[in-house]
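Source file: input.cif; contents: mmCIF, C-alpha atoms.
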data_coords
loop_
_atom_site.group_PDB
_atom_site.id
_atom_site.type_symbol
_atom_site.label_atom_id
_atom_site.label_comp_id
_atom_site.auth_asym_id
_atom_site.auth_seq_id
_atom_site.Cartn_x
_atom_site.Cartn_y
_atom_site.Cartn_z
ATOM 1 C CA MET A 197 47.489 2.194 -39.724
ATOM 2 C CA VAL A 198 46.135 5.064 -37.653
ATOM 3 C CA ARG A 199 42.591 3.929 -38.353
ATOM 4 C CA VAL A 200 43.398 0.361 -37.279
ATOM 5 C CA ALA A 201 45.030 1.593 -34.057
ATOM 6 C CA GLN A 202 42.009 3.746 -33.259
ATOM 7 C CA ASP A 203 39.621 0.850 -33.848
ATOM 8 C CA ARG A 204 41.715 -1.403 -31.634
ATOM 9 C CA ALA A 205 41.808 1.215 -28.853
ATOM 10 C CA LEU A 206 38.031 1.640 -29.145
ATOM 11 C CA ARG A 207 37.468 -2.121 -28.915
ATOM 12 C CA ASP A 208 39.760 -2.347 -25.875
ATOM 13 C CA ARG A 209 37.923 0.478 -24.167
ATOM 14 C CA ASN A 210 34.522 -1.082 -24.893
ATOM 15 C CA LEU A 211 35.820 -4.395 -23.591
ATOM 16 C CA ARG A 212 37.010 -2.782 -20.356
ATOM 17 C CA VAL A 213 33.663 -1.009 -19.923
ATOM 18 C CA ALA A 214 31.789 -4.263 -20.563
ATOM 19 C CA ARG A 215 33.953 -6.109 -18.035
ATOM 20 C CA ARG A 216 33.428 -3.363 -15.471
ATOM 21 C CA ILE A 217 29.651 -3.412 -15.963
ATOM 22 C CA THR A 218 29.572 -7.219 -15.838
ATOM 23 C CA GLY A 219 31.589 -7.212 -12.614
ATOM 24 C CA ARG A 220 29.242 -4.705 -11.000
ATOM 25 C CA VAL A 221 26.188 -6.687 -12.079
ATOM 26 C CA ILE A 222 27.642 -9.881 -10.608
ATOM 27 C CA ILE A 223 28.518 -8.115 -7.342
ATOM 28 C CA HIS A 224 25.018 -6.632 -7.053
ATOM 29 C CA LEU A 225 23.424 -10.011 -7.774
ATOM 30 C CA ILE A 226 25.534 -11.619 -5.035
ATOM 31 C CA LEU A 227 24.613 -8.847 -2.588
ATOM 32 C CA LEU A 228 20.943 -9.150 -3.545
ATOM 33 C CA ALA A 229 21.035 -12.910 -2.963
ATOM 34 C CA GLY A 230 22.677 -12.364 0.426
ATOM 35 C CA ALA A 231 20.115 -9.713 1.360
ATOM 36 C CA LEU A 232 17.235 -12.020 0.437
ATOM 37 C CA LEU A 233 18.818 -14.803 2.477
ATOM 38 C CA TYR A 234 19.032 -12.576 5.556
ATOM 39 C CA LEU A 235 15.535 -11.167 5.002
ATOM 40 C CA PHE A 236 13.971 -14.627 4.769
ATOM 41 C CA PRO A 237 13.525 -15.084 8.584
ATOM 42 C CA PHE A 238 11.914 -11.652 8.843
ATOM 43 C CA PHE A 239 9.574 -12.424 5.949
ATOM 44 C CA TRP A 240 8.616 -15.754 7.520
ATOM 45 C CA MET A 241 7.979 -14.033 10.859
ATOM 46 C CA LEU A 242 5.775 -11.445 9.127
ATOM 47 C CA SER A 243 3.923 -14.159 7.212
ATOM 48 C CA THR A 244 3.319 -16.206 10.366
ATOM 49 C CA SER A 245 2.035 -13.154 12.239
ATOM 50 C CA LEU A 246 -0.739 -12.761 9.659
ATOM 51 C CA LYS A 247 -1.810 -16.421 9.558
ATOM 52 C CA ALA A 248 -4.808 -18.139 11.065
ATOM 53 C CA PRO A 249 -4.045 -20.799 13.709
ATOM 54 C CA THR A 250 -4.804 -23.576 11.213
ATOM 55 C CA ASP A 251 -2.272 -22.239 8.686
ATOM 56 C CA VAL A 252 0.727 -22.002 11.019
ATOM 57 C CA MET A 253 1.728 -25.682 10.969
ATOM 58 C CA ARG A 254 0.323 -26.580 7.564
ATOM 59 C CA ASN A 255 2.478 -28.800 5.359
ATOM 60 C CA PRO A 256 3.476 -27.723 2.759
ATOM 61 C CA PRO A 257 3.883 -24.322 4.405
ATOM 62 C CA VAL A 258 1.696 -21.399 3.430
ATOM 63 C CA TRP A 259 3.917 -18.515 2.338
ATOM 64 C CA ILE A 260 1.181 -15.955 1.771
ATOM 65 C CA PRO A 261 -1.932 -16.424 3.945
ATOM 66 C CA PRO A 262 -5.163 -16.595 1.937
ATOM 67 C CA VAL A 263 -6.764 -14.205 4.438
ATOM 68 C CA LEU A 264 -4.544 -11.745 6.311
ATOM 69 C CA GLN A 265 -5.314 -11.932 10.023
ATOM 70 C CA TRP A 266 -4.605 -8.359 11.118
ATOM 71 C CA GLY A 267 -6.433 -9.075 14.357
ATOM 72 C CA ASN A 268 -3.433 -11.088 15.527
ATOM 73 C CA TYR A 269 -1.616 -7.872 16.419
ATOM 74 C CA PRO A 270 -4.102 -6.402 18.908
ATOM 75 C CA ALA A 271 -4.644 -9.908 20.297
ATOM 76 C CA ALA A 272 -0.893 -10.345 20.824
ATOM 77 C CA LEU A 273 -0.492 -6.960 22.497
ATOM 78 C CA SER A 274 -3.407 -7.646 24.829
ATOM 79 C CA TYR A 275 -1.971 -11.028 25.795
ATOM 80 C CA PHE A 276 0.578 -9.371 28.093
ATOM 81 C CA PRO A 277 0.855 -5.835 29.606
ATOM 82 C CA PHE A 278 2.452 -4.334 26.514
ATOM 83 C CA VAL A 279 2.160 -0.686 27.570
ATOM 84 C CA ARG A 280 3.777 -1.369 30.935
ATOM 85 C CA TYR A 281 6.612 -3.348 29.390
ATOM 86 C CA LEU A 282 7.086 -0.629 26.769
ATOM 87 C CA PHE A 283 7.373 2.032 29.476
ATOM 88 C CA ASN A 284 9.899 -0.095 31.383
ATOM 89 C CA THR A 285 11.962 -0.634 28.235
ATOM 90 C CA LEU A 286 11.904 3.030 27.228
ATOM 91 C CA PHE A 287 13.017 4.060 30.716
ATOM 92 C CA ILE A 288 16.010 1.704 30.637
ATOM 93 C CA VAL A 289 16.887 2.715 27.070
ATOM 94 C CA ALA A 290 16.731 6.449 27.840
ATOM 95 C CA VAL A 291 18.891 6.162 30.962
ATOM 96 C CA ASN A 292 21.453 3.978 29.182
ATOM 97 C CA ILE A 293 21.720 6.326 26.213
ATOM 98 C CA LEU A 294 22.209 9.305 28.517
ATOM 99 C CA GLY A 295 24.742 7.504 30.696
ATOM 100 C CA THR A 296 26.735 5.984 27.830
ATOM 101 C CA VAL A 297 26.970 9.190 25.793
ATOM 102 C CA PHE A 298 27.807 11.316 28.843
ATOM 103 C CA SER A 299 30.467 9.088 30.390
ATOM 104 C CA SER A 300 32.029 7.785 27.170
ATOM 105 C CA SER A 301 32.397 11.260 25.690
ATOM 106 C CA ILE A 302 34.211 12.549 28.787
ATOM 107 C CA VAL A 303 36.592 9.585 28.956
ATOM 108 C CA GLY A 304 37.142 9.582 25.192
ATOM 109 C CA TYR A 305 37.956 13.287 25.276
ATOM 110 C CA SER A 306 40.471 12.710 28.054
ATOM 111 C CA PHE A 307 42.217 9.917 26.128
ATOM 112 C CA ALA A 308 42.265 11.897 22.870
ATOM 113 C CA ARG A 309 43.073 15.509 23.778
ATOM 114 C CA LEU A 310 44.504 15.644 27.301
ATOM 115 C CA ARG A 311 47.988 14.651 28.401
ATOM 116 C CA TRP A 312 48.337 12.906 31.757
ATOM 117 C CA PRO A 313 50.703 10.272 33.185
ATOM 118 C CA GLY A 314 49.934 6.718 32.104
ATOM 119 C CA ARG A 315 47.322 7.757 29.547
ATOM 120 C CA ASP A 316 48.417 5.316 26.839
ATOM 121 C CA ILE A 317 48.829 2.466 29.337
ATOM 122 C CA TRP A 318 45.312 2.903 30.685
ATOM 123 C CA PHE A 319 43.952 3.162 27.164
ATOM 124 C CA GLY A 320 45.588 -0.187 26.395
ATOM 125 C CA VAL A 321 43.959 -1.652 29.495
ATOM 126 C CA LEU A 322 40.617 -0.274 28.331
ATOM 127 C CA ILE A 323 40.995 -1.866 24.903
ATOM 128 C CA ALA A 324 42.012 -5.163 26.545
ATOM 129 C CA THR A 325 38.677 -5.289 28.391
ATOM 130 C CA MET A 326 36.923 -5.557 25.023
ATOM 131 C CA MET A 327 38.440 -9.046 24.645
ATOM 132 C CA LEU A 328 36.615 -10.312 27.744
ATOM 133 C CA PRO A 329 33.376 -12.112 26.801
ATOM 134 C CA GLY A 330 30.278 -11.234 28.771
ATOM 135 C CA ALA A 331 29.982 -14.778 30.115
ATOM 136 C CA VAL A 332 33.255 -14.324 32.045
ATOM 137 C CA THR A 333 32.019 -11.330 34.050
ATOM 138 C CA MET A 334 28.375 -12.370 34.342
ATOM 139 C CA ILE A 335 28.668 -14.316 37.624
ATOM 140 C CA PRO A 336 30.987 -11.828 39.419
ATOM 141 C CA GLN A 337 28.678 -8.980 38.431
ATOM 142 C CA PHE A 338 25.632 -10.863 39.679
ATOM 143 C CA ILE A 339 27.298 -11.536 43.042
ATOM 144 C CA MET A 340 28.378 -7.895 43.327
ATOM 145 C CA TYR A 341 24.895 -6.545 42.523
ATOM 146 C CA ARG A 342 23.329 -9.039 44.926
ATOM 147 C CA ASN A 343 25.611 -7.804 47.707
ATOM 148 C CA PHE A 344 24.598 -4.254 46.826
ATOM 149 C CA GLY A 345 20.936 -5.227 47.196
ATOM 150 C CA TRP A 346 20.173 -4.256 43.608
ATOM 151 C CA LEU A 347 18.340 -7.415 42.555
ATOM 152 C CA ASN A 348 14.814 -6.992 41.175
ATOM 153 C CA SER A 349 15.549 -3.370 40.277
ATOM 154 C CA TYR A 350 16.711 -1.466 37.226
ATOM 155 C CA LEU A 351 20.006 -0.406 38.841
ATOM 156 C CA PRO A 352 22.075 -3.308 37.420
ATOM 157 C CA LEU A 353 20.656 -2.490 33.971
ATOM 158 C CA THR A 354 21.305 1.273 34.059
ATOM 159 C CA VAL A 355 24.102 2.229 36.483
ATOM 160 C CA PRO A 356 26.897 0.481 34.487
ATOM 161 C CA SER A 357 26.186 2.792 31.546
ATOM 162 C CA PHE A 358 27.459 5.746 33.608
ATOM 163 C CA THR A 359 30.857 4.049 33.904
ATOM 164 C CA GLY A 360 31.349 4.156 30.143
ATOM 165 C CA SER A 361 31.517 1.568 27.399
ATOM 166 C CA ALA A 362 34.922 0.440 26.122
ATOM 167 C CA PHE A 363 33.804 0.388 22.491
ATOM 168 C CA SER A 364 32.030 3.751 22.755
ATOM 169 C CA ILE A 365 35.067 5.325 24.413
ATOM 170 C CA PHE A 366 37.323 3.961 21.687
ATOM 171 C CA LEU A 367 35.005 5.197 18.918
ATOM 172 C CA LEU A 368 34.694 8.689 20.400
ATOM 173 C CA ARG A 369 38.415 8.877 21.104
ATOM 174 C CA GLN A 370 39.140 8.140 17.443
ATOM 175 C CA PHE A 371 36.663 10.822 16.374
ATOM 176 C CA PHE A 372 38.050 13.410 18.814
ATOM 177 C CA ARG A 373 41.512 12.869 17.347
ATOM 178 C CA THR A 374 40.289 14.004 13.918
ATOM 179 C CA ILE A 375 39.455 17.486 15.265
ATOM 180 C CA PRO A 376 42.383 19.913 14.851
ATOM 181 C CA MET A 377 44.113 20.848 18.091
ATOM 182 C CA ASP A 378 44.334 24.424 16.803
ATOM 183 C CA LEU A 379 40.727 24.963 17.848
ATOM 184 C CA SER A 380 41.498 24.040 21.450
ATOM 185 C CA GLU A 381 44.727 26.063 21.484
ATOM 186 C CA SER A 382 42.951 29.150 20.171
ATOM 187 C CA ALA A 383 40.257 28.794 22.810
ATOM 188 C CA LYS A 384 42.868 28.425 25.563
ATOM 189 C CA ILE A 385 44.598 31.606 24.385
ATOM 190 C CA ASP A 386 41.281 33.417 24.730
ATOM 191 C CA GLY A 387 41.013 32.142 28.303
ATOM 192 C CA CYS A 388 38.460 29.377 27.725
ATOM 193 C CA PRO A 389 38.659 26.633 30.393
ATOM 194 C CA GLU A 390 38.924 22.983 29.398
ATOM 195 C CA TYR A 391 35.340 22.047 30.250
ATOM 196 C CA ARG A 392 33.999 24.794 27.994
ATOM 197 C CA ILE A 393 36.277 23.679 25.181
ATOM 198 C CA PHE A 394 34.803 20.210 25.612
ATOM 199 C CA TYR A 395 31.091 20.976 25.536
ATOM 200 C CA GLN A 396 31.060 24.213 23.498
ATOM 201 C CA ILE A 397 33.684 23.538 20.818
ATOM 202 C CA VAL A 398 34.599 19.867 20.514
ATOM 203 C CA LEU A 399 31.327 18.158 21.425
ATOM 204 C CA PRO A 400 29.136 19.970 18.846
ATOM 205 C CA LEU A 401 31.563 18.848 16.112
ATOM 206 C CA CYS A 402 31.101 15.199 17.130
ATOM 207 C CA ALA A 403 27.375 14.858 16.478
ATOM 208 C CA PRO A 404 27.797 11.887 14.072
ATOM 209 C CA ALA A 405 29.940 9.952 16.553
ATOM 210 C CA LEU A 406 27.592 10.750 19.435
ATOM 211 C CA ALA A 407 24.638 9.628 17.320
ATOM 212 C CA THR A 408 26.469 6.381 16.547
ATOM 213 C CA VAL A 409 27.090 5.743 20.239
ATOM 214 C CA ALA A 410 23.443 6.508 21.003
ATOM 215 C CA ILE A 411 22.280 4.076 18.295
ATOM 216 C CA PHE A 412 24.512 1.298 19.610
ATOM 217 C CA SER A 413 23.300 1.959 23.137
ATOM 218 C CA PHE A 414 19.668 1.932 21.993
ATOM 219 C CA MET A 415 20.096 -1.350 20.124
ATOM 220 C CA GLY A 416 21.862 -3.016 23.029
ATOM 221 C CA SER A 417 19.376 -1.857 25.666
ATOM 222 C CA TRP A 418 16.256 -2.500 23.590
ATOM 223 C CA ASN A 419 17.282 -6.048 22.624
ATOM 224 C CA ASP A 420 18.803 -6.994 25.982
ATOM 225 C CA PHE A 421 17.385 -10.258 27.285
ATOM 226 C CA ILE A 422 20.075 -11.655 29.587
ATOM 227 C CA GLY A 423 20.085 -8.598 31.865
ATOM 228 C CA PRO A 424 16.362 -8.646 32.746
ATOM 229 C CA LEU A 425 16.496 -12.445 32.957
ATOM 230 C CA LEU A 426 19.183 -12.269 35.647
ATOM 231 C CA TYR A 427 18.077 -9.286 37.697
ATOM 232 C CA ILE A 428 14.312 -8.815 37.274
ATOM 233 C CA ASN A 429 11.935 -11.093 39.185
ATOM 234 C CA GLU A 430 8.732 -9.066 39.430
ATOM 235 C CA LYS A 431 6.470 -9.492 36.412
ATOM 236 C CA MET A 432 5.451 -5.826 36.173
ATOM 237 C CA ARG A 433 9.124 -4.846 35.869
ATOM 238 C CA TYR A 434 9.713 -6.947 32.742
ATOM 239 C CA THR A 435 10.957 -5.411 29.516
ATOM 240 C CA LEU A 436 9.484 -6.111 26.082
ATOM 241 C CA THR A 437 12.079 -8.667 25.045
ATOM 242 C CA PHE A 438 11.696 -10.492 28.339
ATOM 243 C CA GLY A 439 7.912 -10.177 28.101
ATOM 244 C CA LEU A 440 7.978 -12.217 24.889
ATOM 245 C CA ARG A 441 9.078 -15.117 27.048
ATOM 246 C CA THR A 442 5.502 -15.407 28.295
ATOM 247 C CA PHE A 443 4.577 -16.893 24.916
ATOM 248 C CA GLN A 444 7.303 -19.514 25.130
ATOM 249 C CA MET A 445 6.259 -20.558 28.639
ATOM 250 C CA GLN A 446 3.020 -21.985 27.298
ATOM 251 C CA SER A 447 2.658 -25.687 26.583
ATOM 252 C CA ASP A 448 0.885 -24.835 23.307
ATOM 253 C CA THR A 449 2.737 -21.824 21.985
ATOM 254 C CA ARG A 450 0.563 -19.562 19.863
ATOM 255 C CA TRP A 451 3.187 -18.870 17.248
ATOM 256 C CA TYR A 452 1.041 -16.473 15.245
ATOM 257 C CA LEU A 453 0.642 -14.244 18.325
ATOM 258 C CA MET A 454 4.313 -14.549 19.246
ATOM 259 C CA MET A 455 5.397 -13.543 15.740
ATOM 260 C CA ALA A 456 2.999 -10.587 15.786
ATOM 261 C CA ALA A 457 4.419 -9.393 19.098
ATOM 262 C CA SER A 458 7.971 -9.921 17.814
ATOM 263 C CA ILE A 459 7.241 -7.761 14.758
ATOM 264 C CA VAL A 460 5.964 -4.945 16.976
ATOM 265 C CA VAL A 461 9.036 -5.184 19.227
ATOM 266 C CA ALA A 462 11.405 -5.187 16.233
ATOM 267 C CA ILE A 463 9.857 -2.180 14.466
ATOM 268 C CA PRO A 464 11.440 0.542 16.689
ATOM 269 C CA THR A 465 14.953 -0.811 16.089
ATOM 270 C CA LEU A 466 14.387 -0.799 12.328
ATOM 271 C CA VAL A 467 12.953 2.725 12.403
ATOM 272 C CA VAL A 468 15.834 4.073 14.506
ATOM 273 C CA PHE A 469 18.504 2.405 12.392
ATOM 274 C CA PHE A 470 17.186 3.482 8.980
ATOM 275 C CA SER A 471 16.231 6.994 10.093
ATOM 276 C CA CYS A 472 19.680 7.549 11.647
ATOM 277 C CA GLN A 473 21.625 5.572 9.041
ATOM 278 C CA LYS A 474 23.317 8.707 7.707
ATOM 279 C CA TYR A 475 24.765 9.625 11.108
ATOM 280 C CA PHE A 476 25.603 5.996 11.841
ATOM 281 C CA ILE A 477 27.679 5.551 8.671
ATOM 282 C CA GLU A 478 29.293 8.978 9.017
ATOM 283 C CA GLY A 479 30.216 8.326 12.640
ATOM 284 C CA ILE A 480 31.879 5.020 11.740
ATOM 285 C CA THR A 481 33.744 6.159 8.621
ATOM 286 C CA LEU A 482 35.122 9.387 10.086
ATOM 287 C CA THR A 483 36.769 7.526 12.953
ATOM 288 C CA GLY A 484 38.976 5.595 10.559
ATOM 289 C CA MET A 485 37.179 2.316 11.354
ATOM 290 C CA LYS A 486 36.019 -0.068 8.683
ATOM 291 C CA GLY A 487 32.466 -1.275 8.813
#
As structure tokens, please, write out the structure in this file.
Amino acid sequence: MVRVAQDRALRDRNLRVARRITGRVIIHLILLAGALLYLFPFFWMLSTSLKAPTDVMRNPPVWIPPVLQWGNYPAALSYFPFVRYLFNTLFIVAVNILGTVFSSSIVGYSFARLRWPGRDIWFGVLIATMMLPGAVTMIPQFIMYRNFGWLNSYLPLTVPSFTGSAFSIFLLRQFFRTIPMDLSESAKIDGCPEYRIFYQIVLPLCAPALATVAIFSFMGSWNDFIGPLLYINEKMRYTLTFGLRTFQMQSDTRWYLMMAASIVVAIPTLVVFFSCQKYFIEGITLTGMKG
């Protein structure tokens, strides 16, 4: 009887292990299929960027070009002032990262670790602004910036970052709340003022959250198209994403050049995301958010 019970327990355990392995295999296959589905547009863009003009519209489509046209990339970058547009984009990105991290960290610290009248009410108002779609505020902002005389300049694209981002403030506030208050209390006992507690004690402990905010700011600024479309009129002030529009303005769009330029523009975002993925995931998970 003991032997039979042991064999039955062993079979049950093997069955549970087999079910667990089968479930994991199925989940990974589903995730792999989803990943391939989402990677298909990128693969098609890469394939088109390496095609000859005669292969772009061929039917049936050519998945792998017989001869890789690497010359499409320098031709695409010479088609418009790439270096100038890159400098313009990097300037806007750098200012927005600095402004967003600086302002959002200060406001998030105030909401998380300071006590002042109406703090929770104003935090609720801040969260409520996240429910407003950008299309609602687009026209009022345009009228306001026009009255300021900011059109055809980078001010509408950079100054708002120094007023903070609702999502970044919320994310940093959640991260600040995970830091024990004992650190601040001990520093206050030693006579440390609040601003030194902020940038010497609390801020260094929030590197993952700050990196997450910087990544979000980089992605938003680098890929922004609506902003330059609304406020930039002079061609030499264009950004890279807006510069790609020069390909679409042609009557005979050279898709192989447009795809090559799009690949070059997309590479920095991929490099930044994958190189900072560790900080990005850590900054999200430690705030108690699910992502």
Quiz prompt | Non-local contacts of segment 406-416 of chain A (6 Å; all atoms listed in the file; under 2 positions in same chain excluded) as a ChimeraX atom specification | solution = /A:289,293,364,403-404,418-420,476,479
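Closest to Ile288 of chain A among A:Leu351, A:Ile459, A:Cys388, A:Ile397 is A:Leu351, based on all atoms listed in the file.
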Practice problem: Fewer than 2 positions away in the same chain doesn't count, so skip those; otherwise give me all residues within 12 Å of Leu399 of chain A, counting only C-alpha atoms, as a list in words. | Solution: Val297, Phe298, Ser300, Ser301, Ile302, Gly304, Tyr305, Leu368, Arg369, Phe371, Phe372, Ile375, Ser380, Tyr391, Arg392, Ile393, Phe394, Tyr395, Gln396, Ile397, Leu401, Cys402, Ala403, Pro404, Ala405, Leu406 and Ala407 of chain A
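Among the candidates A:Pro237, A:Gly230, A:Pro277, A:Gly320, the one nearest to Gly439 of chain A when counting all atoms listed in the file is A:Pro277.
As for atom CA of Leu225 of chain A and atom CA of Pro257 of chain A, they are spaced 27.1 Å apart.
Closest to Asn429 of chain A among A:Tyr452, A:Phe470, A:Phe239, A:Trp346 is A:Trp346, based on all atoms listed in the file.
Coordinates place atom CA of Glu430 of chain A at a distance of 27.9 Å from atom CA of Pro329 of chain A.
For the set A:Leu246, A:Leu227, A:Val303, A:Met432, the residue with the smallest atom-to-atom gap to Met454 of chain A is A:Leu246, counting all atoms listed in the file.
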Exercise. Check what the PyMOL selection byres ((chain A and resi 278-281) around 6) selects in the file above and give those residues as a ChimeraX atom specification.
Key: /A:273,276-277,282-284,434-436
Need to verify the contact set: Gly360 of chain A, 6 Å, only C-alpha atoms, exclusion of same-chain residues closer than 2 positions in sequence. Can you return it as a PDB file with C-alpha atoms, keeping the file's coordinate frame?
ATOM      1  CA  THR A 296      26.735   5.984  27.830  1.00  0.00           C
ATOM      2  CA  SER A 299      30.467   9.088  30.390  1.00  0.00           C
ATOM      3  CA  SER A 300      32.029   7.785  27.170  1.00  0.00           C
ATOM      4  CA  SER A 357      26.186   2.792  31.546  1.00  0.00           C
ATOM      5  CA  PHE A 358      27.459   5.746  33.608  1.00  0.00           C
TER       6      PHE A 358
END
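Residues surrounding Ala248 of chain A within 8 Å are Pro261, Val263, Leu264, Gln265 and Tyr452 of chain A [only C-alpha atoms; sequence separation below 5 positions excluded].
Of the listed residues (A:Tyr350, A:Tyr275, A:Phe421, A:Trp451), A:Phe421 comes nearest to Phe438 of chain A; the distances count only C-alpha atoms.
Closest approach to Thr449 of chain A from the set A:Met253, A:Val291, A:Leu242, A:Leu211 is made by A:Met253, with distances taken over all atoms listed in the file.
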Using the file's own x, y and z axes, so that the box edges lie along x, y and z, what centre and edge lengths in Å (one decimal) does a box around every listed atom of segment 228-242 of chain A get when 6 Å is added on each side? Give it as JSON.
{"center_x": 14.2, "center_y": -12.5, "center_z": 3.7, "size_x": 28.9, "size_y": 18.6, "size_z": 26.4}
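Atom pair atom CA of Arg433 of chain A / atom CA of Phe287 of chain A has a distance of 11.0 Å (rounded to one decimal).
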Residue neighbourhood Arg342 of chain A, 12 Å, only C-alpha atoms, exclusion window fewer than 5 positions, as a compact mmCIF listing (two decimals) with C-alpha atoms, in the frame of the given file:
# COMPACT_ATOMS: atom_id res chain seq x y z
CA ILE A 335 28.67 -14.32 37.62
CA PRO A 336 30.99 -11.83 39.42
CA GLN A 337 28.68 -8.98 38.43
CA LEU A 347 18.34 -7.42 42.56
CA ASN A 348 14.81 -6.99 41.18
CA SER A 349 15.55 -3.37 40.28
CA LEU A 351 20.01 -0.41 38.84
CA PRO A 352 22.08 -3.31 37.42
CA LEU A 426 19.18 -12.27 35.65
CA TYR A 427 18.08 -9.29 37.70
CA ILE A 428 14.31 -8.82 37.27
Practice problem: Name the residues captured by the PyMOL selection byres ((chain A and resi 307) around 9) when it is applied to the shown file; answer as number ranges by chain. | Solution: A: 302-306, 308-312, 315-316, 318-319, 365-366, 369
Using C-alpha atoms, can you write the selected residues to a file as a compact mmCIF listing (two decimals), keeping the file's coordinate frame?
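The resulting file, result37.txt, is reproduced below:
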# COMPACT_ATOMS: atom_id res chain seq x y z
CA ILE A 302 34.21 12.55 28.79
CA VAL A 303 36.59 9.59 28.96
CA GLY A 304 37.14 9.58 25.19
CA TYR A 305 37.96 13.29 25.28
CA SER A 306 40.47 12.71 28.05
CA ALA A 308 42.26 11.90 22.87
CA ARG A 309 43.07 15.51 23.78
CA LEU A 310 44.50 15.64 27.30
CA ARG A 311 47.99 14.65 28.40
CA TRP A 312 48.34 12.91 31.76
CA ARG A 315 47.32 7.76 29.55
CA ASP A 316 48.42 5.32 26.84
CA TRP A 318 45.31 2.90 30.68
CA PHE A 319 43.95 3.16 27.16
CA ILE A 365 35.07 5.32 24.41
CA PHE A 366 37.32 3.96 21.69
CA ARG A 369 38.42 8.88 21.10
